[in-house]
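> So here's start-v3.cif (mmCIF, C-alpha atoms).
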```
data_target
loop_
_atom_site.group_PDB
_atom_site.id
_atom_site.type_symbol
_atom_site.label_atom_id
_atom_site.label_comp_id
_atom_site.auth_asym_id
_atom_site.auth_seq_id
_atom_site.Cartn_x
_atom_site.Cartn_y
_atom_site.Cartn_z
ATOM 1 C CA MET V 7 12.674 128.184 -2.318
ATOM 2 C CA ILE V 8 15.761 126.806 -4.042
ATOM 3 C CA GLU V 9 17.174 125.744 -0.686
ATOM 4 C CA LEU V 10 13.959 123.845 0.098
ATOM 5 C CA VAL V 11 14.092 122.043 -3.247
ATOM 6 C CA LEU V 12 17.782 121.221 -2.822
ATOM 7 C CA GLY V 13 17.168 120.087 0.745
ATOM 8 C CA PHE V 14 14.297 117.808 -0.287
ATOM 9 C CA PHE V 15 16.130 116.223 -3.203
ATOM 10 C CA GLY V 16 19.330 116.071 -1.167
ATOM 11 C CA ASN V 17 17.548 113.810 1.315
ATOM 12 C CA TYR V 18 14.947 111.976 -0.771
ATOM 13 C CA LEU V 19 16.071 112.029 -4.415
ATOM 14 C CA ILE V 20 16.717 108.278 -4.616
ATOM 15 C CA GLU V 21 13.396 107.541 -2.890
ATOM 16 C CA PHE V 22 11.684 109.942 -5.315
ATOM 17 C CA MET V 23 13.173 108.121 -8.316
ATOM 18 C CA MET V 24 12.180 104.794 -6.782
ATOM 19 C CA GLY V 25 8.583 106.007 -6.453
ATOM 20 C CA LEU V 26 8.568 107.151 -10.089
ATOM 21 C CA LEU V 27 9.918 103.781 -11.171
ATOM 22 C CA CYS V 28 7.242 101.892 -9.241
ATOM 23 C CA CYS V 29 4.481 104.067 -10.720
ATOM 24 C CA ALA V 30 5.932 103.593 -14.210
ATOM 25 C CA LEU V 31 6.122 99.812 -13.783
ATOM 26 C CA VAL V 32 2.530 99.607 -12.556
ATOM 27 C CA PHE V 33 1.262 101.750 -15.423
ATOM 28 C CA ARG V 34 3.370 99.837 -17.938
ATOM 29 C CA TYR V 35 1.890 96.550 -16.766
ATOM 30 C CA LEU V 36 -1.698 97.818 -16.738
ATOM 31 C CA ALA V 37 -1.344 99.582 -20.103
ATOM 32 C CA TYR V 38 0.214 96.571 -21.816
ATOM 33 C CA ARG V 39 -2.456 94.268 -20.417
ATOM 34 C CA HIS V 40 -5.120 96.738 -21.511
ATOM 35 C CA SER V 41 -3.603 96.944 -25.005
ATOM 36 C CA LYS V 42 -3.746 93.139 -25.305
ATOM 37 C CA ASP V 43 -7.462 93.282 -24.473
ATOM 38 C CA ASP V 44 -7.883 96.043 -27.068
ATOM 39 C CA ASP V 45 -6.046 93.944 -29.632
ATOM 40 C CA ALA V 46 -8.376 90.987 -29.072
ATOM 41 C CA TYR V 47 -11.401 93.301 -29.092
ATOM 42 C CA TYR V 48 -10.616 95.201 -32.303
ATOM 43 C CA SER V 49 -9.168 92.165 -34.072
ATOM 44 C CA ARG V 50 -12.400 90.260 -33.549
ATOM 45 C CA PHE V 51 -14.446 93.230 -34.730
ATOM 46 C CA THR V 52 -12.389 93.754 -37.887
ATOM 47 C CA ARG V 53 -12.420 90.028 -38.693
ATOM 48 C CA GLU V 54 -16.196 89.874 -38.381
ATOM 49 C CA LEU V 55 -16.614 93.037 -40.452
ATOM 50 C CA ASP V 56 -14.323 91.808 -43.228
ATOM 51 C CA ALA V 57 -16.011 88.405 -43.186
ATOM 52 C CA CYS V 58 -19.464 89.969 -43.606
ATOM 53 C CA ILE V 59 -18.200 92.158 -46.454
ATOM 54 C CA ASP V 60 -16.608 89.193 -48.238
ATOM 55 C CA ASP V 61 -19.805 87.179 -47.804
ATOM 56 C CA ASP V 62 -21.877 89.984 -49.353
ATOM 57 C CA LYS V 63 -19.441 90.254 -52.243
ATOM 58 C CA GLN V 64 -19.720 86.534 -52.961
ATOM 59 C CA LYS V 65 -23.515 86.696 -52.828
ATOM 60 C CA ASN V 66 -23.415 89.876 -54.948
ATOM 61 C CA ILE V 67 -25.866 91.646 -52.642
ATOM 62 C CA PRO V 68 -26.892 95.004 -54.157
ATOM 63 C CA ILE V 69 -26.368 98.250 -52.214
ATOM 64 C CA ASP V 70 -29.345 100.447 -53.007
ATOM 65 C CA ASP V 71 -29.290 102.564 -49.858
ATOM 66 C CA ILE V 72 -25.988 102.944 -47.988
ATOM 67 C CA ASP V 73 -27.597 103.856 -44.645
ATOM 68 C CA SER V 74 -29.857 100.796 -44.639
ATOM 69 C CA TYR V 75 -27.064 98.523 -45.811
ATOM 70 C CA MET V 76 -24.656 99.821 -43.141
ATOM 71 C CA SER V 77 -27.283 99.248 -40.455
ATOM 72 C CA ASN V 78 -27.797 95.695 -41.668
ATOM 73 C CA LEU V 79 -24.073 95.000 -42.050
ATOM 74 C CA LEU V 80 -23.059 96.362 -38.658
ATOM 75 C CA GLY V 81 -26.016 94.630 -37.050
ATOM 76 C CA ARG V 82 -24.754 91.297 -38.386
ATOM 77 C CA VAL V 83 -21.261 92.090 -37.140
ATOM 78 C CA ASN V 84 -22.679 92.936 -33.713
ATOM 79 C CA ALA V 85 -24.633 89.670 -33.592
ATOM 80 C CA ALA V 86 -21.561 87.630 -34.551
ATOM 81 C CA LEU V 87 -19.422 88.964 -31.703
ATOM 82 C CA PRO V 88 -18.921 86.848 -28.563
ATOM 83 C CA ASP V 89 -20.411 87.714 -25.199
ATOM 84 C CA ASN V 90 -17.078 88.127 -23.436
ATOM 85 C CA ALA V 91 -17.528 90.535 -20.524
ATOM 86 C CA LEU V 92 -15.657 93.838 -20.619
ATOM 87 C CA ARG V 93 -15.361 96.370 -17.860
ATOM 88 C CA PHE V 94 -17.361 99.499 -18.458
ATOM 89 C CA SER V 95 -16.620 101.996 -15.736
ATOM 90 C CA ASN V 96 -19.771 104.118 -15.874
ATOM 91 C CA ASN V 97 -23.165 103.664 -17.477
ATOM 92 C CA ALA V 98 -24.545 106.992 -16.257
ATOM 93 C CA ASN V 99 -24.337 108.428 -19.786
ATOM 94 C CA ILE V 100 -27.189 106.097 -20.803
ATOM 95 C CA GLN V 101 -29.649 108.060 -18.696
ATOM 96 C CA ASN V 102 -29.110 111.281 -20.675
ATOM 97 C CA ARG V 103 -28.900 109.712 -24.112
ATOM 98 C CA HIS V 104 -31.124 110.904 -26.951
ATOM 99 C CA TYR V 105 -32.459 108.360 -29.426
ATOM 100 C CA ASP V 106 -33.029 109.155 -33.071
ATOM 101 C CA GLY V 107 -32.485 107.655 -36.499
ATOM 102 C CA LYS V 108 -32.920 104.155 -37.797
ATOM 103 C CA GLU V 109 -30.974 102.489 -34.988
ATOM 104 C CA ALA V 110 -33.028 104.072 -32.190
ATOM 105 C CA MET V 111 -34.971 100.968 -31.194
ATOM 106 C CA GLN V 112 -31.935 98.712 -31.321
ATOM 107 C CA GLN V 113 -29.834 101.180 -29.325
ATOM 108 C CA ARG V 114 -32.593 101.568 -26.715
ATOM 109 C CA GLU V 115 -32.747 97.794 -26.202
ATOM 110 C CA ILE V 116 -28.975 97.631 -25.829
ATOM 111 C CA ASP V 117 -29.028 100.393 -23.215
ATOM 112 C CA LYS V 118 -31.811 98.654 -21.296
ATOM 113 C CA GLU V 119 -29.745 95.476 -21.164
ATOM 114 C CA ALA V 120 -26.709 97.464 -19.994
ATOM 115 C CA GLN V 121 -28.727 99.138 -17.234
ATOM 116 C CA SER V 122 -30.245 95.848 -16.081
ATOM 117 C CA SER V 123 -26.889 94.038 -15.940
ATOM 118 C CA ASP V 124 -25.369 93.406 -12.522
ATOM 119 C CA GLY V 125 -22.473 95.603 -11.433
ATOM 120 C CA THR V 126 -20.508 97.472 -14.061
ATOM 121 C CA SER V 127 -19.723 94.511 -16.329
ATOM 122 C CA ILE V 128 -21.423 94.417 -19.737
ATOM 123 C CA SER V 129 -21.007 92.081 -22.662
ATOM 124 C CA LEU V 130 -18.933 92.776 -25.741
ATOM 125 C CA ASN V 131 -22.136 93.041 -27.784
ATOM 126 C CA GLN V 132 -23.478 95.713 -25.441
ATOM 127 C CA TYR V 133 -20.159 97.527 -25.281
ATOM 128 C CA ILE V 134 -19.573 97.721 -29.020
ATOM 129 C CA GLY V 135 -23.139 98.922 -29.628
ATOM 130 C CA SER V 136 -23.061 101.515 -26.863
ATOM 131 C CA LYS V 137 -22.338 105.228 -27.046
ATOM 132 C CA HIS V 138 -18.578 104.759 -27.146
ATOM 133 C CA GLY V 139 -18.554 101.647 -29.353
ATOM 134 C CA LEU V 140 -17.238 101.274 -32.871
ATOM 135 C CA ILE V 141 -20.675 100.657 -34.383
ATOM 136 C CA ALA V 142 -22.126 103.919 -33.102
ATOM 137 C CA SER V 143 -18.992 105.770 -34.206
ATOM 138 C CA ILE V 144 -19.127 104.272 -37.702
ATOM 139 C CA HIS V 145 -22.789 105.236 -37.998
ATOM 140 C CA GLY V 146 -21.792 108.768 -37.039
ATOM 141 C CA GLU V 147 -19.419 108.860 -40.025
ATOM 142 C CA SER V 148 -22.031 107.591 -42.508
ATOM 143 C CA SER V 149 -21.722 110.760 -44.604
ATOM 144 C CA VAL V 150 -18.072 109.886 -45.264
ATOM 145 C CA PHE V 151 -18.979 106.413 -46.472
ATOM 146 C CA LYS V 152 -21.699 107.823 -48.727
ATOM 147 C CA SER V 153 -19.310 110.246 -50.391
ATOM 148 C CA THR V 154 -17.799 109.114 -53.684
ATOM 149 C CA VAL V 155 -14.563 110.966 -52.833
ATOM 150 C CA PRO V 156 -12.082 108.707 -50.978
ATOM 151 C CA PRO V 157 -11.573 110.046 -47.436
ATOM 152 C CA ASN V 158 -8.398 110.335 -45.425
ATOM 153 C CA TYR V 159 -8.608 106.911 -43.789
ATOM 154 C CA THR V 160 -6.164 107.782 -41.017
ATOM 155 C CA GLU V 161 -8.231 110.780 -39.911
ATOM 156 C CA LEU V 162 -11.453 108.794 -40.284
ATOM 157 C CA THR V 163 -10.143 105.950 -38.127
ATOM 158 C CA ASP V 164 -8.806 108.405 -35.556
ATOM 159 C CA ARG V 165 -12.225 110.045 -35.229
ATOM 160 C CA ILE V 166 -13.955 106.698 -34.897
ATOM 161 C CA MET V 167 -11.575 105.271 -32.317
ATOM 162 C CA SER V 168 -11.348 108.515 -30.343
ATOM 163 C CA ASP V 169 -15.016 108.050 -29.423
ATOM 164 C CA ASP V 170 -14.082 104.834 -27.632
ATOM 165 C CA ARG V 171 -13.272 105.818 -24.059
ATOM 166 C CA ASN V 172 -11.566 102.474 -23.400
ATOM 167 C CA TRP V 173 -9.211 103.152 -26.325
ATOM 168 C CA THR V 174 -8.207 106.657 -25.272
ATOM 169 C CA LYS V 175 -8.103 106.102 -21.495
ATOM 170 C CA LEU V 176 -6.778 103.356 -19.285
ATOM 171 C CA TYR V 177 -9.835 101.797 -17.673
ATOM 172 C CA GLY V 178 -11.781 104.926 -18.549
ATOM 173 C CA HIS V 179 -9.744 107.342 -16.414
ATOM 174 C CA ILE V 180 -6.030 107.785 -17.285
ATOM 175 C CA PRO V 181 -5.205 109.178 -20.771
ATOM 176 C CA ILE V 182 -3.142 106.410 -22.357
ATOM 177 C CA ASP V 183 -1.258 108.399 -25.003
ATOM 178 C CA GLY V 184 -0.061 111.127 -22.632
ATOM 179 C CA ALA V 185 0.949 108.717 -19.894
ATOM 180 C CA SER V 186 2.663 106.434 -22.426
ATOM 181 C CA ARG V 187 4.744 109.335 -23.759
ATOM 182 C CA MET V 188 5.691 110.165 -20.178
ATOM 183 C CA ILE V 189 6.832 106.582 -19.588
ATOM 184 C CA ASP V 190 8.890 106.693 -22.796
ATOM 185 C CA ILE V 191 10.858 109.742 -21.649
ATOM 186 C CA LEU V 192 11.349 108.531 -18.067
ATOM 187 C CA PRO V 193 14.623 106.679 -18.863
ATOM 188 C CA ASN V 194 16.141 109.992 -19.958
ATOM 189 C CA LEU V 195 14.656 111.724 -16.926
ATOM 190 C CA PHE V 196 16.275 109.197 -14.602
ATOM 191 C CA ILE V 197 19.657 110.018 -16.152
ATOM 192 C CA VAL V 198 18.939 113.718 -15.623
ATOM 193 C CA PHE V 199 17.906 113.079 -12.012
ATOM 194 C CA GLY V 200 21.117 111.110 -11.460
ATOM 195 C CA VAL V 201 23.245 113.975 -12.765
ATOM 196 C CA PHE V 202 21.135 116.400 -10.737
ATOM 197 C CA GLY V 203 21.807 114.366 -7.592
ATOM 198 C CA THR V 204 25.520 114.340 -8.386
ATOM 199 C CA PHE V 205 25.622 118.130 -8.512
ATOM 200 C CA ILE V 206 23.548 118.376 -5.333
ATOM 201 C CA GLY V 207 25.982 116.054 -3.536
ATOM 202 C CA ILE V 208 28.992 118.053 -4.758
ATOM 203 C CA ALA V 209 27.298 121.319 -3.791
ATOM 204 C CA MET V 210 26.725 119.995 -0.265
ATOM 205 C CA ALA V 211 30.252 118.558 -0.040
ATOM 206 C CA LEU V 212 32.169 121.683 -1.067
ATOM 207 C CA PRO V 213 31.315 123.729 2.070
ATOM 208 C CA GLU V 214 32.566 120.839 4.202
ATOM 209 C CA ILE V 215 35.975 121.090 2.521
ATOM 210 C CA ALA V 216 36.168 124.769 3.402
ATOM 211 C CA ALA V 217 35.454 123.949 7.053
ATOM 212 C CA ILE V 218 38.202 121.334 7.330
ATOM 213 C CA ASP V 219 41.262 122.356 9.347
ATOM 214 C CA PHE V 220 44.087 120.482 7.689
ATOM 215 C CA ASN V 221 46.427 121.374 10.574
ATOM 216 C CA ASN V 222 44.092 119.593 13.004
ATOM 217 C CA ILE V 223 42.440 116.742 11.192
ATOM 218 C CA GLU V 224 41.065 115.153 14.364
ATOM 219 C CA LYS V 225 38.869 118.167 15.155
ATOM 220 C CA SER V 226 37.631 118.164 11.562
ATOM 221 C CA SER V 227 36.525 114.533 11.602
ATOM 222 C CA ASP V 228 32.839 115.519 11.482
ATOM 223 C CA ASN V 229 33.445 117.690 8.438
ATOM 224 C CA LEU V 230 35.338 114.875 6.732
ATOM 225 C CA THR V 231 32.504 112.461 7.528
ATOM 226 C CA ASN V 232 29.912 114.836 6.071
ATOM 227 C CA PHE V 233 32.095 115.387 3.017
ATOM 228 C CA VAL V 234 32.374 111.639 2.369
ATOM 229 C CA ILE V 235 28.606 111.178 2.918
ATOM 230 C CA ASN V 236 27.761 113.926 0.402
ATOM 231 C CA VAL V 237 30.202 112.564 -2.181
ATOM 232 C CA ALA V 238 28.772 109.080 -1.680
ATOM 233 C CA PHE V 239 25.275 110.511 -2.152
ATOM 234 C CA SER V 240 26.302 112.086 -5.445
ATOM 235 C CA MET V 241 27.675 108.757 -6.652
ATOM 236 C CA LYS V 242 24.627 106.790 -5.454
ATOM 237 C CA THR V 243 22.172 109.054 -7.281
ATOM 238 C CA SER V 244 24.080 108.657 -10.534
ATOM 239 C CA ILE V 245 24.187 104.881 -10.139
ATOM 240 C CA ALA V 246 20.490 104.754 -9.222
ATOM 241 C CA GLY V 247 19.539 106.958 -12.174
ATOM 242 C CA ILE V 248 21.474 104.772 -14.620
ATOM 243 C CA PHE V 249 20.040 101.575 -13.101
ATOM 244 C CA PHE V 250 16.427 102.796 -13.192
ATOM 245 C CA SER V 251 16.933 104.059 -16.742
ATOM 246 C CA LEU V 252 18.214 100.651 -17.850
ATOM 247 C CA ILE V 253 15.217 98.884 -16.304
ATOM 248 C CA LEU V 254 12.667 101.101 -18.052
ATOM 249 C CA THR V 255 14.557 101.093 -21.343
ATOM 250 C CA PHE V 256 14.612 97.303 -21.292
ATOM 251 C CA LEU V 257 10.881 97.089 -20.535
ATOM 252 C CA ASN V 258 9.995 99.721 -23.132
ATOM 253 C CA THR V 259 11.929 97.747 -25.732
ATOM 254 C CA LEU V 260 10.580 94.358 -24.701
ATOM 255 C CA PHE V 261 6.936 95.485 -24.360
ATOM 256 C CA PRO V 262 6.505 98.442 -26.758
ATOM 257 C CA LEU V 263 3.099 99.949 -26.061
ATOM 258 C CA PRO V 264 2.994 102.579 -28.894
ATOM 259 C CA GLU V 265 3.872 99.996 -31.554
ATOM 260 C CA LYS V 266 1.175 97.638 -30.326
ATOM 261 C CA ARG V 267 -1.447 100.390 -30.348
ATOM 262 C CA PHE V 268 -0.303 101.451 -33.830
ATOM 263 C CA LYS V 269 -0.835 97.900 -35.141
ATOM 264 C CA ILE V 270 -4.352 97.880 -33.668
ATOM 265 C CA PHE V 271 -5.048 101.261 -35.256
ATOM 266 C CA LYS V 272 -3.873 100.050 -38.681
ATOM 267 C CA LYS V 273 -6.153 97.014 -38.451
ATOM 268 C CA VAL V 274 -9.181 99.229 -37.959
ATOM 269 C CA GLU V 275 -7.994 101.652 -40.662
ATOM 270 C CA THR V 276 -7.686 98.791 -43.167
ATOM 271 C CA SER V 277 -11.203 97.625 -42.319
ATOM 272 C CA MET V 278 -12.588 101.148 -42.768
ATOM 273 C CA GLN V 279 -10.898 101.365 -46.160
ATOM 274 C CA ASN V 280 -12.316 97.988 -47.118
ATOM 275 C CA LEU V 281 -15.788 99.094 -45.980
ATOM 276 C CA TRP V 282 -15.660 102.328 -47.995
ATOM 277 C CA TYR V 283 -14.631 100.569 -51.207
ATOM 278 C CA HIS V 284 -17.302 97.945 -50.650
ATOM 279 C CA LEU V 285 -20.019 100.572 -50.147
ATOM 280 C CA GLN V 286 -18.878 102.464 -53.228
ATOM 281 C CA ARG V 287 -18.823 99.423 -55.501
ATOM 282 C CA GLY V 288 -22.331 100.346 -56.727
ATOM 283 C CA ASN V 289 -20.859 103.575 -58.056
ATOM 284 C CA ALA V 290 -17.951 101.815 -59.761
ATOM 285 C CA LYS V 291 -19.826 101.296 -63.051
ATOM 286 C CA GLU V 292 -20.967 104.909 -63.043
ATOM 287 C CA GLN V 293 -17.408 106.074 -62.398
ATOM 288 C CA ILE V 294 -16.088 103.900 -65.241
ATOM 289 C CA ALA V 295 -18.788 105.258 -67.553
ATOM 290 C CA MET V 296 -17.975 108.836 -66.557
ATOM 291 C CA GLU V 297 -14.273 108.216 -67.187
ATOM 292 C CA GLY V 298 -15.163 106.896 -70.655
ATOM 293 C CA VAL V 299 -17.281 109.960 -71.394
ATOM 294 C CA LEU V 300 -14.461 112.222 -70.242
ATOM 295 C CA LYS V 301 -12.007 110.437 -72.537
ATOM 296 C CA VAL V 302 -14.377 110.870 -75.501
ATOM 297 C CA LEU V 303 -14.837 114.562 -74.715
ATOM 298 C CA GLN V 304 -11.081 115.024 -74.406
ATOM 299 C CA SER V 305 -10.592 113.313 -77.792
ATOM 300 C CA ILE V 306 -13.175 115.607 -79.411
ATOM 301 C CA GLU V 307 -11.568 118.658 -77.835
ATOM 302 C CA ARG V 308 -8.113 117.580 -79.040
ATOM 303 C CA TYR V 309 -9.506 116.986 -82.530
ATOM 304 C CA LEU V 310 -11.098 120.422 -82.650
ATOM 305 C CA LYS V 311 -7.921 122.111 -81.449
ATOM 306 C CA GLU V 312 -5.276 120.202 -83.434
ATOM 307 C CA ASP V 313 -6.610 117.918 -86.164
ATOM 308 C CA ALA V 314 -9.480 120.055 -87.498
ATOM 309 C CA PRO V 315 -7.335 123.121 -88.426
ATOM 310 C CA LEU V 316 -4.807 120.879 -90.229
ATOM 311 C CA LYS V 317 -7.522 119.232 -92.280
ATOM 312 C CA GLU V 318 -9.019 122.629 -93.112
ATOM 313 C CA GLN V 319 -5.627 123.758 -94.372
ATOM 314 C CA GLN V 320 -5.319 120.599 -96.470
ATOM 315 C CA TYR V 321 -8.780 121.166 -97.957
ATOM 316 C CA ALA V 322 -7.909 124.821 -98.680
ATOM 317 C CA LYS V 323 -4.688 123.838 -100.505
ATOM 318 C CA ARG V 324 -6.531 121.238 -102.559
ATOM 319 C CA ASP V 325 -9.146 123.832 -103.553
ATOM 320 C CA ASP V 326 -6.389 126.263 -104.530
ATOM 321 C CA LYS V 327 -4.782 123.636 -106.782
ATOM 322 C CA LYS V 328 -8.121 122.955 -108.455
ATOM 323 C CA ASP V 329 -8.629 126.665 -109.106
ATOM 324 C CA ALA V 330 -5.134 127.009 -110.534
ATOM 325 C CA ALA V 331 -5.732 124.088 -112.880
#
```
For the structure just supplied, provide its representation as structure tokens.


Amino acid sequence: MIELVLGFFGNYLIEFMMGLLCCALVFRYLAYRHSKDDDAYYSRFTRELDACIDDDKQKNIPIDDIDSYMSNLLGRVNAALPDNALRFSNNANIQNRHYDGKEAMQQREIDKEAQSSDGTSISLNQYIGSKHGLIASIHGESSVFKSTVPPNYTELTDRIMSDDRNWTKLYGHIPIDGASRMIDILPNLFIVFGVFGTFIGIAMALPEIAAIDFNNIEKSSDNLTNFVINVAFSMKTSIAGIFFSLILTFLNTLFPLPEKRFKIFKKVETSMQNLWYHLQRGNAKEQIAMEGVLKVLQSIERYLKEDAPLKEQQYAKRDDKKDAA
């Protein structure tokens, strides 16, 4: 088994590294282009959401029921989004979808439009309101927004965005995070492959030295040729590994995919934090009142524990002086 592996890499190691490099370059290009589309998509959504929230704050619109208000707010955000077409790889999930809750009719109409559209291209409005869109995901986390306890916004945003198949997978098929981590470690792997090829070349060259007859160099010309070829192979693999590593390192630095996705994630997280505080503004007065009540109770408790016994002692001493007089 080891001989088969050594034989394969001894003949095709450079071609194998070249194939890895080509695959990495193709994925890097597609992933970076996809991340730019995601940036435009989520940036527009967060801008529209923040704009609607700011508009409601200026108009001082009351929030009596959080579920109804969220439906209205997200519906306005959905209506304000452009109709730029996005690729949606598979609409088969619409056929098995169950409809319930206040958004059932709206969701059913969206799905009908998605099914009636030509090909697999649907609008941004349809996409964001579909099963894997942000609106549906935010509705699914309505209990978090109704809670008066501040949530962990990073975990909340991660749950919401994980429901978006186009965020977690490249064009709905290749897991982006796993493949991106693989691309990030490929420069180091190319160095390892180069060193591996060097050892393979040396291992194949050493037996040729043993077969050389130094008393009759002419008869050993084939062995010398094979020795030089194997040594050259060991040098070539090291050079190729370093060269491929430099290419990927340069591209990873120039077009950093994880950093770009992190910026997109933070945009959505900031919007979710803004939405939670906006929805809880109706409870702000109650919270302030409760804090005031707690302060009064703490003052009474401190008085009973510290001030009251001292005053009792003062009154007792004054009574004793009166009795003595």

> Can you spell out as a PyMOL selection string the set of residues that the PyMOL selection byres ((chain V and resi 274) around 9) selects in the structure I just provided?

chain V and resi 48-49+51-52+163+167+269-273+275-279

> So, counting all atoms listed in the file, which residue among V:Tyr38, V:Trp282, V:Phe22, V:Phe256 is closest to Leu162 in chain V?

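Residue with the minimum atom-to-atom distance to Leu162 in chain V: V:Trp282.
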
> If the PyMOL selection byres ((chain V and resi 68) around 12) were run on this exact file, what residues would it hold? Put them as a list in words.

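Output from the PyMOL selection byres ((chain V and resi 68) around 12), applied to this file: Ile59, Asp62, Lys63, Gln64, Lys65, Asn66, Ile67, Ile69, Asp70, Asp71, Ile72, Ser74, Tyr75, His284, Leu285, Gln286, Arg287, Gly288 and Asn289 of chain V.
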
> CA of Asp44 in chain V to CA of Pro193 in chain V: how many Å, to one decimal?

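According to the coordinates, CA of Asp44 in chain V and CA of Pro193 in chain V are separated by 26.2 Å.
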
> Pick the closest to Arg34 in chain V from V:Leu300, V:Leu230, V:Leu176, V:Ile197: which is it, counting only C-alpha atoms?

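Of the candidates, the smallest distance to Arg34 in chain V is held by V:Leu176.
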
> For a test of reading the model, state the distance in Å between CA of Gly184 in chain V and CA of Ile253 in chain V, rounded to one decimal.

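So the two atoms, CA of Gly184 in chain V and CA of Ile253 in chain V, lie 20.6 Å apart.
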
> Kindly indicate which residue among V:Phe261, V:Tyr47, V:Tyr177, V:Phe268 lies nearest to Asp190 in chain V, using all atoms listed in the file for the distances.

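Among V:Phe261, V:Tyr47, V:Tyr177, V:Phe268, it is V:Phe261 that comes nearest to Asp190 in chain V.
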
> From the list V:Phe205, V:Phe33, V:Tyr18, V:Trp173, which residue is nearest Ser240 in chain V when using all atoms listed in the file?

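Result for the nearest residue to Ser240 in chain V: V:Phe205.
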
> Anything within 12 Å of (-10.3, 111.7, -44.1): list those residues as a PyMOL selection string, counting all atoms listed in the file and sticking to the file's coordinates.

chain V and resi 147+149-151+153+155-166+275+278-279+282

> Quick one, how far is CA of Lys42 in chain V from CA of Ile248 in chain V?

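Spanning CA of Lys42 in chain V to CA of Ile248 in chain V is a straight-line distance of 29.8 Å.
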
> Would you please work out which residue, of V:Leu192, V:Ile182, V:Ala86, V:Leu212, is nearest to Val234 in chain V when using all atoms listed in the file?

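Counting all atoms listed in the file, the residue closest to Val234 in chain V is V:Leu212.
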
> For a quick check of understanding, using all atoms listed in the file, which of V:Ser148, V:Met24, V:Val83, V:Phe15 has the smallest distance to Asp56 in chain V?

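Once distances to Asp56 in chain V are computed over all atoms listed in the file, the minimum belongs to V:Val83.
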
> Is it possible to get the axis-aligned box enclosing range 231-249 of chain V (all listed atoms, 4 Å extra per side) as lines of an AutoDock Vina configuration file, with centre and edge lengths in Å rounded to one decimal?


```
center_x = 26.0
center_y = 108.5
center_z = -3.5
size_x = 21.0
size_y = 21.8
size_z = 30.1
```

> Tell me which residues the PyMOL selection byres ((chain V and resi 229) around 8) grabs here, as a list in words.

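Applied to this file, the PyMOL selection byres ((chain V and resi 229) around 8) selects Glu214, Ile215, Ala217, Ile218, Ser226, Ser227, Asp228, Leu230, Thr231, Asn232 and Phe233 of chain V.
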
> Emit the selected residues as a JSON list (two decimals), keeping the file's coordinate frame, including C-alpha atoms.


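In the end it all went to out_6.json:
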```json
[["chain", "number", "residue", "atom", "x", "y", "z"],
["V", 214, "GLU", "CA", 32.57, 120.84, 4.20],
["V", 215, "ILE", "CA", 35.98, 121.09, 2.52],
["V", 217, "ALA", "CA", 35.45, 123.95, 7.05],
["V", 218, "ILE", "CA", 38.20, 121.33, 7.33],
["V", 226, "SER", "CA", 37.63, 118.16, 11.56],
["V", 227, "SER", "CA", 36.52, 114.53, 11.60],
["V", 228, "ASP", "CA", 32.84, 115.52, 11.48],
["V", 230, "LEU", "CA", 35.34, 114.88, 6.73],
["V", 231, "THR", "CA", 32.50, 112.46, 7.53],
["V", 232, "ASN", "CA", 29.91, 114.84, 6.07],
["V", 233, "PHE", "CA", 32.10, 115.39, 3.02]]
```

> Place N, CA and C atoms on range 233-243 of chain V and deliver the coordinates as a PDB file, in the frame of the given file.


```
ATOM      1  N   PHE V 233      31.598 115.279   4.391  1.00  0.00           N
ATOM      2  CA  PHE V 233      32.095 115.387   3.017  1.00  0.00           C
ATOM      3  C   PHE V 233      31.997 114.035   2.290  1.00  0.00           C
ATOM      4  N   VAL V 234      32.433 112.980   2.975  1.00  0.00           N
ATOM      5  CA  VAL V 234      32.374 111.639   2.369  1.00  0.00           C
ATOM      6  C   VAL V 234      30.931 111.226   2.123  1.00  0.00           C
ATOM      7  N   ILE V 235      30.023 111.528   3.076  1.00  0.00           N
ATOM      8  CA  ILE V 235      28.606 111.178   2.918  1.00  0.00           C
ATOM      9  C   ILE V 235      28.000 111.889   1.700  1.00  0.00           C
ATOM     10  N   ASN V 236      28.309 113.161   1.532  1.00  0.00           N
ATOM     11  CA  ASN V 236      27.761 113.926   0.402  1.00  0.00           C
ATOM     12  C   ASN V 236      28.319 113.437  -0.937  1.00  0.00           C
ATOM     13  N   VAL V 237      29.618 113.105  -0.952  1.00  0.00           N
ATOM     14  CA  VAL V 237      30.202 112.564  -2.181  1.00  0.00           C
ATOM     15  C   VAL V 237      29.601 111.202  -2.506  1.00  0.00           C
ATOM     16  N   ALA V 238      29.393 110.384  -1.468  1.00  0.00           N
ATOM     17  CA  ALA V 238      28.772 109.080  -1.680  1.00  0.00           C
ATOM     18  C   ALA V 238      27.337 109.240  -2.196  1.00  0.00           C
ATOM     19  N   PHE V 239      26.637 110.259  -1.678  1.00  0.00           N
ATOM     20  CA  PHE V 239      25.275 110.511  -2.152  1.00  0.00           C
ATOM     21  C   PHE V 239      25.270 110.873  -3.639  1.00  0.00           C
ATOM     22  N   SER V 240      26.241 111.694  -4.042  1.00  0.00           N
ATOM     23  CA  SER V 240      26.302 112.086  -5.445  1.00  0.00           C
ATOM     24  C   SER V 240      26.566 110.886  -6.338  1.00  0.00           C
ATOM     25  N   MET V 241      27.404 109.952  -5.866  1.00  0.00           N
ATOM     26  CA  MET V 241      27.675 108.757  -6.652  1.00  0.00           C
ATOM     27  C   MET V 241      26.460 107.825  -6.684  1.00  0.00           C
ATOM     28  N   LYS V 242      25.794 107.686  -5.541  1.00  0.00           N
ATOM     29  CA  LYS V 242      24.627 106.790  -5.454  1.00  0.00           C
ATOM     30  C   LYS V 242      23.494 107.257  -6.380  1.00  0.00           C
ATOM     31  N   THR V 243      23.264 108.563  -6.425  1.00  0.00           N
ATOM     32  CA  THR V 243      22.172 109.054  -7.281  1.00  0.00           C
ATOM     33  C   THR V 243      22.471 108.790  -8.753  1.00  0.00           C
TER      34      THR V 243
END
```
